[in-house]
file coords20.txt (compact mmCIF, C-alpha atoms)
# COMPACT_ATOMS: atom_id res chain seq x y z
CA MET Z 59 36.06 -48.27 3.31
CA ALA Z 60 32.42 -48.04 2.32
CA ARG Z 61 30.81 -45.54 -0.02
CA TYR Z 62 27.21 -44.44 0.19
CA GLU Z 63 24.87 -42.30 -1.84
CA ILE Z 64 21.94 -40.82 0.04
CA PHE Z 65 18.82 -39.34 -1.56
CA VAL Z 66 16.59 -37.13 0.58
CA THR Z 67 13.16 -36.24 -0.80
CA TYR Z 68 9.96 -34.77 0.54
CA LYS Z 69 7.39 -37.27 1.75
CA ALA Z 70 4.34 -37.82 -0.42
CA GLY Z 71 1.81 -35.10 0.30
CA ILE Z 72 4.37 -32.54 1.46
CA PHE Z 73 4.41 -29.55 -0.87
CA ASP Z 74 7.80 -29.13 -2.56
CA PRO Z 75 8.23 -25.41 -3.38
CA PRO Z 76 11.44 -25.78 -5.49
CA GLY Z 77 9.91 -28.73 -7.38
CA ALA Z 78 6.68 -26.83 -8.06
CA THR Z 79 8.62 -23.79 -9.24
CA ALA Z 80 10.81 -25.89 -11.56
CA GLU Z 81 7.70 -27.57 -12.94
CA ARG Z 82 6.10 -24.19 -13.70
CA ALA Z 83 9.29 -22.83 -15.26
CA LEU Z 84 9.65 -25.89 -17.51
CA THR Z 85 6.03 -25.55 -18.59
CA ASN Z 86 6.67 -21.87 -19.35
CA LEU Z 87 9.62 -22.95 -21.52
CA GLY Z 88 7.16 -24.92 -23.64
CA TYR Z 89 7.78 -28.43 -22.33
CA THR Z 90 4.59 -30.45 -22.20
CA GLY Z 91 3.71 -33.79 -20.69
CA ILE Z 92 5.25 -33.11 -17.28
CA ASP Z 93 3.39 -34.99 -14.58
CA GLU Z 94 5.44 -34.00 -11.57
CA VAL Z 95 8.84 -32.52 -10.69
CA LYS Z 96 10.33 -33.17 -7.26
CA ILE Z 97 13.60 -31.70 -6.06
CA GLY Z 98 15.58 -33.35 -3.31
CA LYS Z 99 19.08 -33.62 -1.90
CA TYR Z 100 21.92 -35.88 -2.89
CA ILE Z 101 24.56 -36.70 -0.30
CA ARG Z 102 27.74 -38.73 -0.91
CA MET Z 103 29.56 -40.20 2.02
CA SER Z 104 32.51 -42.52 2.46
CA GLY Z 105 34.32 -43.91 5.45
CA ASP Z 106 34.54 -46.78 7.86
CA LEU Z 107 30.78 -46.85 8.28
CA ASP Z 108 28.17 -49.57 8.27
CA MET Z 109 24.66 -49.18 6.91
CA ALA Z 110 23.12 -49.01 10.38
CA THR Z 111 25.27 -46.02 11.30
CA VAL Z 112 24.52 -44.18 8.05
CA THR Z 113 20.81 -44.85 8.58
CA GLU Z 114 21.04 -43.40 12.07
CA MET Z 115 22.82 -40.32 10.66
CA CYS Z 116 19.95 -39.80 8.23
CA GLU Z 117 17.29 -40.19 10.90
CA LYS Z 118 19.09 -37.88 13.30
CA LEU Z 119 20.44 -35.09 11.12
CA LEU Z 120 20.54 -35.49 7.35
CA ALA Z 121 16.78 -35.87 6.89
CA ASN Z 122 13.86 -34.56 8.91
CA PRO Z 123 11.46 -37.50 9.35
CA VAL Z 124 8.58 -35.05 9.81
CA ILE Z 125 8.76 -33.99 6.16
CA GLU Z 126 11.37 -36.11 4.39
CA ASP Z 127 12.10 -39.67 3.32
CA PHE Z 128 15.58 -40.93 2.55
CA ARG Z 129 17.09 -43.77 0.55
CA ILE Z 130 20.63 -45.02 1.01
CA GLU Z 131 22.50 -46.83 -1.74
CA THR Z 132 25.80 -48.62 -1.31
CA VAL Z 133 28.33 -47.79 -4.04
CA GLU Z 134 30.41 -50.77 -5.10
CA GLU Z 135 34.14 -50.10 -5.55
CA MET S 92 12.20 -10.95 35.36
CA ARG S 93 15.15 -12.06 33.30
CA PHE S 94 15.06 -13.19 29.67
CA GLY S 95 17.87 -15.35 28.30
CA VAL S 96 18.50 -14.82 24.60
CA VAL S 97 20.46 -17.64 22.97
CA ILE S 98 23.10 -16.74 20.40
CA PHE S 99 23.89 -19.43 17.86
CA PRO S 100 26.60 -18.89 15.22
CA GLY S 101 24.60 -16.96 12.62
CA SER S 102 21.88 -15.57 14.90
CA ASN S 103 21.28 -11.95 13.97
CA CYS S 104 18.16 -10.81 15.85
CA ASP S 105 19.51 -11.44 19.36
CA GLN S 106 20.24 -7.76 19.95
CA ASP S 107 16.72 -6.81 18.83
CA VAL S 108 15.25 -9.15 21.45
CA ILE S 109 17.49 -7.75 24.18
CA HIS S 110 16.50 -4.22 23.15
CA ALA S 111 12.79 -5.11 23.15
CA ALA S 112 12.98 -6.62 26.64
CA ASN S 113 15.02 -3.70 27.99
CA TYR S 114 12.66 -1.19 26.39
CA LEU S 115 9.81 -2.75 28.38
CA GLY S 116 11.88 -2.62 31.55
CA PHE S 117 12.91 -6.28 31.75
CA ASP S 118 16.39 -7.70 32.18
CA ALA S 119 17.77 -9.71 29.30
CA GLU S 120 21.12 -11.43 28.93
CA TYR S 121 22.83 -13.27 26.10
CA VAL S 122 23.25 -17.03 26.40
CA TRP S 123 26.02 -18.59 24.32
CA HIS S 124 25.15 -21.70 22.28
CA GLY S 125 27.86 -23.62 24.13
CA ASP S 126 26.48 -22.74 27.57
CA THR S 127 24.91 -25.47 29.64
CA ASP S 128 23.45 -23.49 32.52
CA LEU S 129 20.13 -21.68 32.24
CA SER S 130 19.62 -21.17 35.96
CA GLY S 131 18.80 -17.57 36.73
CA PHE S 132 16.62 -17.14 33.65
CA ASP S 133 12.83 -16.93 33.83
CA ALA S 134 12.23 -17.25 30.09
CA ILE S 135 14.34 -18.27 27.10
CA VAL S 136 14.17 -16.75 23.62
CA LEU S 137 15.68 -18.34 20.52
CA PRO S 138 16.10 -15.37 18.18
CA GLY S 139 15.97 -15.08 14.41
CA GLY S 140 18.88 -15.37 12.05
CA PHE S 141 20.64 -18.03 10.02
CA SER S 142 22.10 -20.38 12.59
CA TYR S 143 24.91 -22.49 11.11
CA GLY S 144 24.21 -20.91 7.73
CA ASP S 145 20.91 -22.79 7.48
CA TYR S 146 22.97 -25.75 6.22
CA ILE S 147 21.26 -29.15 5.84
CA ARG S 148 17.93 -27.56 6.91
CA THR S 149 17.11 -24.42 8.85
CA GLY S 150 17.69 -25.12 12.53
CA ALA S 151 18.92 -28.67 11.89
CA VAL S 152 22.42 -28.13 13.22
CA ALA S 153 21.54 -25.59 15.92
CA ARG S 154 19.26 -28.05 17.62
CA PHE S 155 22.31 -30.14 18.54
CA SER S 156 24.09 -27.21 20.19
CA PRO S 157 25.01 -27.94 23.83
CA VAL S 158 22.60 -25.25 25.04
CA MET S 159 19.66 -26.99 23.37
CA ASN S 160 19.80 -29.92 25.80
CA GLU S 161 19.23 -27.37 28.54
CA VAL S 162 16.51 -25.59 26.58
CA VAL S 163 14.67 -28.92 26.22
CA ARG S 164 15.07 -29.60 29.94
CA PHE S 165 13.90 -26.05 30.74
CA ALA S 166 10.83 -26.46 28.50
CA ASP S 167 10.03 -29.92 29.88
CA ALA S 168 10.01 -28.39 33.37
CA GLY S 169 7.40 -25.87 32.18
CA GLY S 170 9.83 -23.01 31.58
CA PRO S 171 8.68 -20.55 28.93
CA VAL S 172 10.51 -20.74 25.61
CA LEU S 173 9.88 -18.46 22.63
CA GLY S 174 11.29 -19.14 19.18
CA ILE S 175 11.19 -16.33 16.66
CA CYS S 176 11.75 -17.06 12.95
CA ASN S 177 14.95 -19.17 12.93
CA GLY S 178 14.20 -19.84 16.60
CA PHE S 179 10.84 -21.34 15.56
CA GLN S 180 12.61 -23.49 12.97
CA ILE S 181 15.04 -24.71 15.67
CA LEU S 182 12.14 -25.57 18.00
CA THR S 183 10.50 -27.74 15.33
CA GLU S 184 13.80 -29.48 14.57
CA ALA S 185 14.23 -30.11 18.30
CA HIS S 186 10.69 -31.57 18.38
CA LEU S 187 9.64 -29.08 21.04
CA LEU S 188 7.00 -27.97 18.52
CA PRO S 189 5.24 -30.06 15.86
CA GLY S 190 5.57 -29.64 12.08
CA ALA S 191 8.33 -28.14 9.98
CA LEU S 192 9.10 -24.99 7.98
CA LEU S 193 9.57 -25.40 4.22
CA ARG S 194 10.85 -22.94 1.60
CA ASN S 195 8.34 -20.20 0.89
CA GLN S 196 5.89 -20.93 -1.89
CA GLY S 197 7.32 -19.12 -4.93
CA LEU S 198 10.84 -19.37 -3.45
CA LYS S 199 11.03 -15.65 -2.66
CA PHE S 200 12.61 -14.30 0.51
CA ILE S 201 9.78 -12.22 2.00
CA CYS S 202 10.40 -9.08 4.03
CA LYS S 203 7.23 -7.11 4.78
CA THR S 204 4.68 -6.30 7.44
CA SER S 205 2.18 -9.08 7.96
CA ASN S 206 -1.24 -9.02 9.58
CA LEU S 207 -1.69 -11.64 12.27
CA ARG S 208 -4.99 -12.75 13.73
CA VAL S 209 -4.95 -14.05 17.27
CA ASP S 210 -6.69 -17.46 17.14
CA GLY S 211 -5.54 -18.93 20.45
CA SER S 212 -3.77 -18.22 23.68
CA CYS S 213 -0.68 -19.56 25.43
CA ASP S 214 1.73 -18.44 28.15
CA TRP S 215 3.25 -15.92 25.70
CA LEU S 216 0.13 -14.36 24.21
CA ASP S 217 -3.32 -13.95 25.68
CA LEU S 218 -5.25 -11.35 23.69
CA PRO S 219 -8.94 -11.30 22.75
CA LEU S 220 -9.46 -13.85 19.97
CA GLY S 221 -9.74 -12.13 16.60
CA SER S 222 -7.35 -9.30 17.53
CA VAL S 223 -5.26 -8.25 14.53
CA LEU S 224 -1.57 -7.42 15.00
CA GLU S 225 0.86 -5.88 12.53
CA VAL S 226 4.17 -7.70 12.85
CA PRO S 227 6.96 -7.87 10.26
CA ILE S 228 8.10 -11.09 8.63
CA ASN S 229 11.57 -11.62 7.22
CA HIS S 230 12.22 -15.16 6.03
CA ASN S 231 12.86 -17.64 3.25
CA GLU S 232 11.58 -20.78 5.01
CA GLY S 233 8.33 -19.84 6.73
CA ASN S 234 6.03 -22.23 4.91
CA PHE S 235 4.70 -24.20 7.87
CA THR S 236 3.61 -27.75 7.21
CA CYS S 237 2.58 -30.85 9.15
CA ASP S 238 0.53 -33.96 8.46
CA ALA S 239 -3.27 -33.88 8.62
CA ALA S 240 -3.46 -35.72 11.95
CA THR S 241 -1.06 -33.25 13.58
CA LEU S 242 -3.04 -30.29 12.22
CA GLU S 243 -6.28 -31.68 13.66
CA ARG S 244 -4.62 -32.35 17.00
CA MET S 245 -3.25 -28.80 17.14
CA LYS S 246 -6.69 -27.39 16.33
CA ASP S 247 -8.35 -29.55 19.00
CA ASN S 248 -5.78 -28.48 21.59
CA GLY S 249 -5.93 -24.79 20.64
CA GLN S 250 -2.23 -24.76 19.71
CA ILE S 251 -2.59 -22.46 16.70
CA ILE S 252 -1.99 -19.06 18.26
CA VAL S 253 -1.57 -16.69 15.31
CA ARG S 254 -2.58 -16.97 11.65
CA TYR S 255 -1.77 -14.69 8.74
CA CYS S 256 -4.84 -12.67 7.76
CA GLU S 257 -6.01 -9.61 5.86
CA ALA S 258 -5.94 -6.15 7.47
CA ASP S 259 -9.54 -6.57 8.67
CA GLY S 260 -8.82 -9.95 10.26
CA SER S 261 -10.50 -11.99 7.52
CA THR S 262 -8.89 -14.78 5.53
CA GLY S 263 -8.47 -14.16 1.80
CA PRO S 264 -10.17 -16.47 -0.76
CA ASP S 265 -6.85 -18.23 -1.43
CA GLY S 266 -5.68 -17.96 2.16
CA SER S 267 -3.65 -15.09 3.56
CA ALA S 268 -0.26 -16.66 4.16
CA PRO S 269 2.38 -14.80 2.11
CA ASN S 270 4.61 -17.88 2.25
CA GLY S 271 2.17 -20.71 1.53
CA ALA S 272 1.92 -21.85 5.15
CA LEU S 273 -0.61 -24.61 5.81
CA ASP S 274 -3.89 -23.23 7.17
CA ASP S 275 -2.27 -19.73 7.23
CA ILE S 276 -0.33 -20.77 10.35
CA ALA S 277 2.13 -18.13 11.55
CA GLY S 278 2.72 -19.32 15.11
CA ILE S 279 1.97 -22.36 17.28
CA CYS S 280 2.55 -23.50 20.84
CA ASN S 281 3.08 -26.92 22.40
CA GLU S 282 0.24 -28.71 24.23
CA ARG S 283 1.29 -27.25 27.56
CA GLY S 284 1.37 -23.70 26.17
CA ASN S 285 4.83 -22.80 27.49
CA VAL S 286 6.74 -23.25 24.23
CA PHE S 287 5.72 -20.86 21.47
CA GLY S 288 7.20 -20.40 18.02
CA LEU S 289 6.32 -17.97 15.27
CA MET S 290 7.81 -16.76 12.00
CA PRO S 291 6.98 -13.03 12.41
CA HIS S 292 9.25 -10.79 14.50
CA PRO S 293 7.40 -9.25 17.47
CA GLU S 294 10.69 -7.93 18.93
CA ARG S 295 10.95 -5.45 16.04
CA VAL S 296 7.67 -3.74 16.93
CA VAL S 297 8.15 -3.22 20.65
CA ASP S 298 10.03 0.11 20.60
CA PRO S 299 7.85 2.49 18.51
CA ALA S 300 11.07 3.49 16.73
CA GLY S 301 10.64 0.15 14.93
CA GLY S 302 7.39 1.31 13.36
CA GLY S 303 4.81 -0.10 15.76
CA THR S 304 4.12 -1.52 19.18
CA ASP S 305 2.08 -4.63 18.34
CA GLY S 306 4.93 -6.84 19.50
CA GLN S 307 4.75 -5.64 23.09
CA PRO S 308 2.07 -8.13 24.26
CA PHE S 309 4.34 -11.08 23.43
CA PHE S 310 6.81 -9.92 26.09
CA THR S 311 4.44 -8.39 28.63
CA THR S 312 2.13 -11.43 28.60
CA ILE S 313 4.82 -13.91 29.61
CA VAL S 314 5.93 -11.60 32.41
CA ARG S 315 2.33 -11.44 33.65
CA THR S 316 1.92 -15.22 33.27
CA LEU S 317 5.04 -15.84 35.37
CA ALA S 318 3.92 -13.34 37.98
CA GLU S 319 0.58 -15.13 38.26
CA VAL S 320 2.31 -18.50 38.62
CA ALA S 321 4.54 -17.06 41.33
CA GLY S 322 1.37 -15.74 43.00

call {"tool": "encode", "arguments": {"input": "coords20.txt", "output": "C-alpha cells"}}
result
Amino acid sequence: MARYEIFVTYKAGIFDPPGATAERALTNLGYTGIDEVKIGKYIRMSGDLDMATVTEMCEKLLANPVIEDFRIETVEE
Amino acid sequence: MRFGVVIFPGSNCDQDVIHAANYLGFDAEYVWHGDTDLSGFDAIVLPGGFSYGDYIRTGAVARFSPVMNEVVRFADAGGPVLGICNGFQILTEAHLLPGALLRNQGLKFICKTSNLRVDGSCDWLDLPLGSVLEVPINHNEGNFTCDAATLERMKDNGQIIVRYCEADGSTGPDGSAPNGALDDIAGICNERGNVFGLMPHPERVVDPAGGGTDGQPFFTTIVRTLAEVAG
C-alpha cells in the first residue's frame, strides 16, 4: 500500500483571494515582514496506487490545470 | 422550441429557468444528471446552484456527470448551451469555456443586483453594444480569471459578452466587478458563439414578478437565432 500527500496551490500570477485576505488580516493583527501568504489544499491518499495514477487523478479532478499547480509527495511507511 | 434544464445534485435554480422559459411561452423540461439522451432539445441550460456541494472546486465533480458527455457532444455539434452561475463554473471545468472562477475578492458571498454592459454578441445575446442590463448576482466564486494570452484571444474573437459596469455603463476607476473578476468579465462565450456562460442570473428577471425584465433577451435571442438557422 502506498501513501501520498498532495499539495494543490494556485499558479504564479493567479490571484489567491483567501491568501490575500489572510495576509491582510495578519497585517491588521500587527505582524510585520510578511512578503506573501498563499493558501492551498492538502490531500492525503493511500491505496494500491502508483505515482502515475495519482498524477492522472490530480490532472483530471483534484487540481484544475487552468489555475492550479500540484505537487505529490510519497510518504514512507 | 424546447429548452432542456439539467439538474445536478445540488442545483437550485433549475425551477427558475423552467419558469422563465414558460413565462416567455417556450417549452422547458428537466434533464437528470444521469441522463444520456438530449435528443428533442433545441437548447440546453446548466442552472445555478451548488452541484455536488461545490466540493473539490465548483463544478469540478458535476462536469463528470454522465449527462455532461452529451452536453459536450451537443455543444460540439453547434447546439446552444447556456451556463448560469454554477452552470458557468461547470462549463469552464468541462473546458467548453476558457478560464476559471475563483473565490470572490474579499471572500464575501455576494447577492445583489449588478449592472451589465453588453460588449459582444453570441447566439444567446445580440443587443446593441453598450446596452446596460440589471441582472442579479448570487455567488461566492464569481471571480473570473484566465492567463493573459487567453484574455487577449477572447478579446480578439469578441468572446467577452457582458462586463460588470456602473449604472451609466461606464467602468469605475478600480473596475466595476463586485467580485474581483479579471477585466470586469461577467460572461463569455466560446469561439463559435453557441456556448455562453455568465455569473449573473438572467432567469430571475424574466417574469416582472422577479423585479425586472432585463433577462428576457437571453432567452428570446436564442429562440430567434435558432429560428434563423432553421430558415

call {"tool": "interface_residues", "arguments": {"input": "coords20.txt", "of": "chain S", "to": "chain Z", "cutoff": "10 Å", "atoms": "only C-alpha atoms", "output": "count of residues only"}}
result
26

call {"tool": "residues_around", "arguments": {"input": "coords20.txt", "residues": "Phe132 of chain S", "least_positions_apart": "2", "cutoff": "7 Å", "atoms": "all atoms listed in the file", "output": "list in words"}}
result
Arg93, Phe94, Gly95, Leu129, Ser130 and Ala134 of chain S

call {"tool": "atom_distance", "arguments": {"input": "coords20.txt", "atom1": "atom CA of Pro299 of chain S", "atom2": "atom CA of Ile276 of chain S"}}
result
26.0 Å

call {"tool": "atom_distance", "arguments": {"input": "coords20.txt", "atom1": "atom CA of Ile64 of chain Z", "atom2": "atom CA of Pro157 of chain S"}}
result
27.2 Å

call {"tool": "residues_around", "arguments": {"input": "coords20.txt", "residues": "Tyr62 of chain Z", "least_positions_apart": "2", "cutoff": "12 Å", "atoms": "only C-alpha atoms", "output": "list in words"}}
result
Met59, Ala60, Ile64, Phe65, Tyr100, Ile101, Arg102, Met103, Ser104, Gly105, Asp106, Leu107, Asp108, Met109, Ala110, Thr111, Val112, Thr113, Cys116, Arg129, Ile130, Glu131, Thr132, Val133, Glu134 and Glu135 of chain Z

call {"tool": "atom_distance", "arguments": {"input": "coords20.txt", "atom1": "atom CA of Phe200 of chain S", "atom2": "atom CA of Asn229 of chain S"}}
result
7.3 Å

call {"tool": "residues_around", "arguments": {"input": "coords20.txt", "residues": "segment 216-226 of chain S", "least_positions_apart": "4", "cutoff": "8 Å", "atoms": "all atoms listed in the file", "output": "list in words"}}
result
Thr204, Ser205, Asn206, Leu207, Arg208, Val209, Asp210, Gly211, Ser212, Ile252, Ala258, Asp259, Gly260, Pro291, His292, Pro293, Arg295, Val296, Gly303, Asp305, Gly306, Pro308, Phe309, Thr312 and Ile313 of chain S

call {"tool": "write_last_selection", "arguments": {"input": "coords20.txt", "atoms": "C-alpha atoms", "output": "PDB file, keeping the file's coordinate frame"}}
result
ATOM      1  CA  THR S 204       4.680  -6.300   7.440  1.00  0.00           C
ATOM      2  CA  SER S 205       2.180  -9.080   7.960  1.00  0.00           C
ATOM      3  CA  ASN S 206      -1.240  -9.020   9.580  1.00  0.00           C
ATOM      4  CA  LEU S 207      -1.690 -11.640  12.270  1.00  0.00           C
ATOM      5  CA  ARG S 208      -4.990 -12.750  13.730  1.00  0.00           C
ATOM      6  CA  VAL S 209      -4.950 -14.050  17.270  1.00  0.00           C
ATOM      7  CA  ASP S 210      -6.690 -17.460  17.140  1.00  0.00           C
ATOM      8  CA  GLY S 211      -5.540 -18.930  20.450  1.00  0.00           C
ATOM      9  CA  SER S 212      -3.770 -18.220  23.680  1.00  0.00           C
ATOM     10  CA  ILE S 252      -1.990 -19.060  18.260  1.00  0.00           C
ATOM     11  CA  ALA S 258      -5.940  -6.150   7.470  1.00  0.00           C
ATOM     12  CA  ASP S 259      -9.540  -6.570   8.670  1.00  0.00           C
ATOM     13  CA  GLY S 260      -8.820  -9.950  10.260  1.00  0.00           C
ATOM     14  CA  PRO S 291       6.980 -13.030  12.410  1.00  0.00           C
ATOM     15  CA  HIS S 292       9.250 -10.790  14.500  1.00  0.00           C
ATOM     16  CA  PRO S 293       7.400  -9.250  17.470  1.00  0.00           C
ATOM     17  CA  ARG S 295      10.950  -5.450  16.040  1.00  0.00           C
ATOM     18  CA  VAL S 296       7.670  -3.740  16.930  1.00  0.00           C
ATOM     19  CA  GLY S 303       4.810  -0.100  15.760  1.00  0.00           C
ATOM     20  CA  ASP S 305       2.080  -4.630  18.340  1.00  0.00           C
ATOM     21  CA  GLY S 306       4.930  -6.840  19.500  1.00  0.00           C
ATOM     22  CA  PRO S 308       2.070  -8.130  24.260  1.00  0.00           C
ATOM     23  CA  PHE S 309       4.340 -11.080  23.430  1.00  0.00           C
ATOM     24  CA  THR S 312       2.130 -11.430  28.600  1.00  0.00           C
ATOM     25  CA  ILE S 313       4.820 -13.910  29.610  1.00  0.00           C
TER      26      ILE S 313
END

call {"tool": "decode", "arguments": {"input": "coords20.txt", "residues": "segment 82-128 of chain Z", "atoms": "C-alpha atoms", "output": "mmCIF file, in the first residue's frame"}}
result
data_model
loop_
_atom_site.group_PDB
_atom_site.id
_atom_site.type_symbol
_atom_site.label_atom_id
_atom_site.label_comp_id
_atom_site.auth_asym_id
_atom_site.auth_seq_id
_atom_site.Cartn_x
_atom_site.Cartn_y
_atom_site.Cartn_z
ATOM 1 C CA ARG Z 82 -4.330 41.479 5.271
ATOM 2 C CA ALA Z 83 -5.750 40.040 8.494
ATOM 3 C CA LEU Z 84 -2.271 39.128 9.778
ATOM 4 C CA THR Z 85 -1.030 42.617 8.956
ATOM 5 C CA ASN Z 86 -4.024 44.054 10.834
ATOM 6 C CA LEU Z 87 -3.030 41.915 13.830
ATOM 7 C CA GLY Z 88 0.287 43.756 13.866
ATOM 8 C CA TYR Z 89 2.533 41.175 12.210
ATOM 9 C CA THR Z 90 5.132 42.802 10.004
ATOM 10 C CA GLY Z 91 7.577 41.467 7.473
ATOM 11 C CA ILE Z 92 5.062 39.328 5.573
ATOM 12 C CA ASP Z 93 6.040 39.031 1.935
ATOM 13 C CA GLU Z 94 3.286 36.763 0.709
ATOM 14 C CA VAL Z 95 0.644 34.359 2.039
ATOM 15 C CA LYS Z 96 -0.722 31.647 -0.227
ATOM 16 C CA ILE Z 97 -3.458 29.236 0.772
ATOM 17 C CA GLY Z 98 -3.826 25.888 -0.943
ATOM 18 C CA LYS Z 99 -5.235 22.419 -0.439
ATOM 19 C CA TYR Z 100 -3.712 19.408 1.231
ATOM 20 C CA ILE Z 101 -4.910 15.969 0.188
ATOM 21 C CA ARG Z 102 -3.856 12.655 1.758
ATOM 22 C CA MET Z 103 -4.415 9.466 -0.135
ATOM 23 C CA SER Z 104 -3.495 5.841 0.382
ATOM 24 C CA GLY Z 105 -4.132 2.680 -1.546
ATOM 25 C CA ASP Z 106 -2.805 0.336 -4.156
ATOM 26 C CA LEU Z 107 -1.819 3.230 -6.397
ATOM 27 C CA ASP Z 108 1.266 4.111 -8.376
ATOM 28 C CA MET Z 109 2.556 7.632 -8.895
ATOM 29 C CA ALA Z 110 1.351 7.753 -12.497
ATOM 30 C CA THR Z 111 -2.223 7.053 -11.440
ATOM 31 C CA VAL Z 112 -2.156 9.646 -8.654
ATOM 32 C CA THR Z 113 -0.727 12.186 -11.102
ATOM 33 C CA GLU Z 114 -3.543 11.436 -13.522
ATOM 34 C CA MET Z 115 -6.083 11.891 -10.690
ATOM 35 C CA CYS Z 116 -4.627 15.321 -9.969
ATOM 36 C CA GLU Z 117 -4.668 16.377 -13.610
ATOM 37 C CA LYS Z 118 -8.208 15.139 -14.129
ATOM 38 C CA LEU Z 119 -10.039 16.078 -10.935
ATOM 39 C CA LEU Z 120 -8.090 17.131 -7.862
ATOM 40 C CA ALA Z 121 -6.457 20.184 -9.441
ATOM 41 C CA ASN Z 122 -7.592 22.468 -12.247
ATOM 42 C CA PRO Z 123 -4.578 22.916 -14.547
ATOM 43 C CA VAL Z 124 -6.014 26.238 -15.747
ATOM 44 C CA ILE Z 125 -5.385 27.855 -12.360
ATOM 45 C CA GLU Z 126 -3.582 25.373 -10.125
ATOM 46 C CA ASP Z 127 -0.297 23.514 -9.766
ATOM 47 C CA PHE Z 128 0.084 20.361 -7.717
#
